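Have a look at input-v5.txt below; it lists compact mmCIF, C-alpha atoms.
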# COMPACT_ATOMS: atom_id res chain seq x y z
CA MET A 1 8.99 -13.80 -28.88
CA ASN A 2 8.27 -15.74 -25.71
CA LYS A 3 9.55 -15.12 -22.17
CA THR A 4 12.66 -17.29 -22.60
CA GLU A 5 13.65 -15.47 -25.78
CA LEU A 6 13.02 -12.12 -24.10
CA VAL A 7 15.23 -13.09 -21.14
CA ASP A 8 17.98 -14.16 -23.59
CA SER A 9 17.71 -10.82 -25.39
CA ILE A 10 17.81 -8.84 -22.12
CA ALA A 11 20.89 -10.79 -20.99
CA LYS A 12 22.65 -10.21 -24.31
CA LEU A 13 21.86 -6.48 -24.49
CA SER A 14 22.52 -5.66 -20.82
CA GLY A 15 25.44 -7.93 -20.03
CA LEU A 16 23.51 -9.51 -17.15
CA THR A 17 23.35 -13.25 -16.61
CA LYS A 18 20.22 -15.08 -17.68
CA VAL A 19 19.33 -15.65 -14.01
CA ASP A 20 19.64 -11.93 -13.23
CA SER A 21 17.73 -11.04 -16.40
CA THR A 22 14.90 -13.39 -15.39
CA LYS A 23 14.78 -11.81 -11.92
CA ALA A 24 14.72 -8.30 -13.42
CA LEU A 25 11.95 -9.17 -15.87
CA ASP A 26 9.86 -10.92 -13.20
CA ALA A 27 10.28 -7.97 -10.82
CA THR A 28 9.27 -5.51 -13.55
CA LEU A 29 6.15 -7.47 -14.44
CA GLU A 30 5.24 -7.91 -10.77
CA ALA A 31 5.59 -4.16 -10.15
CA ILE A 32 3.34 -3.40 -13.13
CA VAL A 33 0.69 -5.85 -11.92
CA LYS A 34 0.77 -4.47 -8.37
CA SER A 35 0.36 -0.94 -9.66
CA LEU A 36 -2.55 -1.91 -11.92
CA LYS A 37 -4.26 -3.72 -9.03
CA LYS A 38 -4.29 -0.36 -7.21
CA ASN A 39 -5.85 1.23 -10.34
CA ASP A 40 -2.66 3.24 -10.94
CA GLU A 41 -1.25 3.81 -14.41
CA VAL A 42 2.28 2.75 -15.30
CA ARG A 43 3.84 5.24 -17.73
CA LEU A 44 7.05 4.34 -19.52
CA VAL A 45 7.85 7.52 -21.44
CA GLY A 46 8.42 6.75 -25.10
CA PHE A 47 7.30 3.13 -24.74
CA GLY A 48 3.69 3.34 -23.58
CA THR A 49 1.17 3.39 -20.77
CA PHE A 50 -0.41 0.47 -18.95
CA ALA A 51 -3.81 1.23 -17.40
CA VAL A 52 -6.95 -0.44 -16.10
CA SER A 53 -10.21 -0.20 -18.01
CA SER A 54 -13.53 -0.87 -16.26
CA ARG A 55 -16.14 -2.65 -18.31
CA LYS A 56 -19.81 -2.47 -17.37
CA ALA A 57 -22.04 -5.53 -17.15
CA THR A 58 -23.79 -6.19 -20.45
CA THR A 59 -26.11 -8.65 -22.09
CA GLY A 60 -24.79 -10.71 -24.97
CA ARG A 61 -25.97 -13.60 -27.09
CA ASN A 62 -24.71 -17.12 -27.32
CA PRO A 63 -23.85 -17.42 -31.04
CA ARG A 64 -24.67 -21.13 -31.07
CA THR A 65 -28.15 -20.96 -29.51
CA GLY A 66 -29.08 -17.29 -29.81
CA LYS A 67 -29.97 -17.28 -26.12
CA GLU A 68 -29.24 -14.11 -24.12
CA ILE A 69 -26.45 -14.34 -21.55
CA LYS A 70 -25.29 -11.92 -18.90
CA ILE A 71 -21.70 -10.74 -19.13
CA ALA A 72 -20.40 -9.63 -15.73
CA ALA A 73 -18.65 -6.32 -15.12
CA CYS A 74 -14.87 -6.62 -14.98
CA LYS A 75 -11.59 -4.77 -15.05
CA ALA A 76 -9.31 -5.29 -18.03
CA PRO A 77 -5.71 -4.24 -18.65
CA LYS A 78 -5.15 -1.69 -21.40
CA PHE A 79 -1.94 -0.62 -23.16
CA LYS A 80 -1.45 2.52 -25.21
CA ALA A 81 1.77 2.68 -27.22
CA GLY A 82 3.95 5.77 -26.86
CA LYS A 83 5.17 7.97 -29.71
CA THR A 84 8.73 6.60 -29.72
CA LEU A 85 7.46 3.02 -29.98
CA LYS A 86 5.03 3.94 -32.77
CA ASP A 87 7.74 5.80 -34.66
CA ALA A 88 10.13 2.85 -34.33
CA LEU A 89 7.59 0.60 -36.04
CA ASN A 90 6.84 2.94 -38.94
As a first step, turn the structure in this file into structure tokens.
Amino acid sequence: MNKTELVDSIAKLSGLTKVDSTKALDATLEAIVKSLKKNDEVRLVGFGTFAVSSRKATTGRNPRTGKEIKIAACKAPKFKAGKTLKDALN
């Protein structure tokens, strides 16, 4: 499912227009990103938790040449599914 299909589904399930559904989805995603930028978790009970994971700098190898390369430290988004979501899939 891509963003357009998700907006269509939101509009159909909620009774909102596609324009309003797009605004709602964009606002939700923006709020999640802003929260993660502040290193705050976003917990949606039953659905899951969005969090930030810090990765340390490491040394890796270029698979083509075998030469060592430095991989910089970074922050990466992480998602842990909630019990209700897991149960819905099984």
**OP:** Name the residues in contact with A:Thr59 at a cut-off of 7 Å, using all atoms listed in the file, excluding same-chain residues fewer than 3 positions from it; report them as an MDAnalysis selection string.
**Re:** chainID A and resid 68:71
Test item: residues at most 12 Å from A:Leu44, all atoms listed in the file, excluding those fewer than 6 positions along its chain, as a PDB file with C-alpha atoms, in the frame of the given file:
ATOM      1  CA  THR A  28       9.270  -5.510 -13.550  1.00  0.00           C
ATOM      2  CA  ILE A  32       3.340  -3.400 -13.130  1.00  0.00           C
ATOM      3  CA  PHE A  50      -0.410   0.470 -18.950  1.00  0.00           C
ATOM      4  CA  ALA A  51      -3.810   1.230 -17.400  1.00  0.00           C
ATOM      5  CA  PHE A  79      -1.940  -0.620 -23.160  1.00  0.00           C
ATOM      6  CA  LYS A  80      -1.450   2.520 -25.210  1.00  0.00           C
ATOM      7  CA  ALA A  81       1.770   2.680 -27.220  1.00  0.00           C
ATOM      8  CA  GLY A  82       3.950   5.770 -26.860  1.00  0.00           C
ATOM      9  CA  LYS A  83       5.170   7.970 -29.710  1.00  0.00           C
ATOM     10  CA  THR A  84       8.730   6.600 -29.720  1.00  0.00           C
ATOM     11  CA  LEU A  85       7.460   3.020 -29.980  1.00  0.00           C
TER      12      LEU A  85
END
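Our summary of the geometry notes that atom CA of A:Thr49 is positioned 21.7 Å from atom CA of A:Val7.
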Original post:
If you count only C-alpha atoms, which residues fall within 7 Å of A:Ser53, apart from same-chain ones fewer than 3 positions away, as an MDAnalysis selection string?
Top reply: chainID A and resid 75:78
**OP:** Just give me the gap between atom CA of A:Lys86 and atom CA of A:Gly46 in Å, one decimal is fine.
**Re:** 8.8 Å
Original post:
Which one of A:Cys74, A:Leu25, A:Arg43, A:Ala88 sits closest to A:Thr58 if you count only C-alpha atoms?
Top reply: A:Cys74
Subject >> Option closest in space to A:Phe47, from A:Met1, A:Leu16, A:Pro63, A:Leu89 [counting all atoms listed in the file] >> reply: A:Leu89
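The interatomic distance for the pair atom CA of A:Val52 and atom CA of A:Lys38 works out to 9.3 Å.
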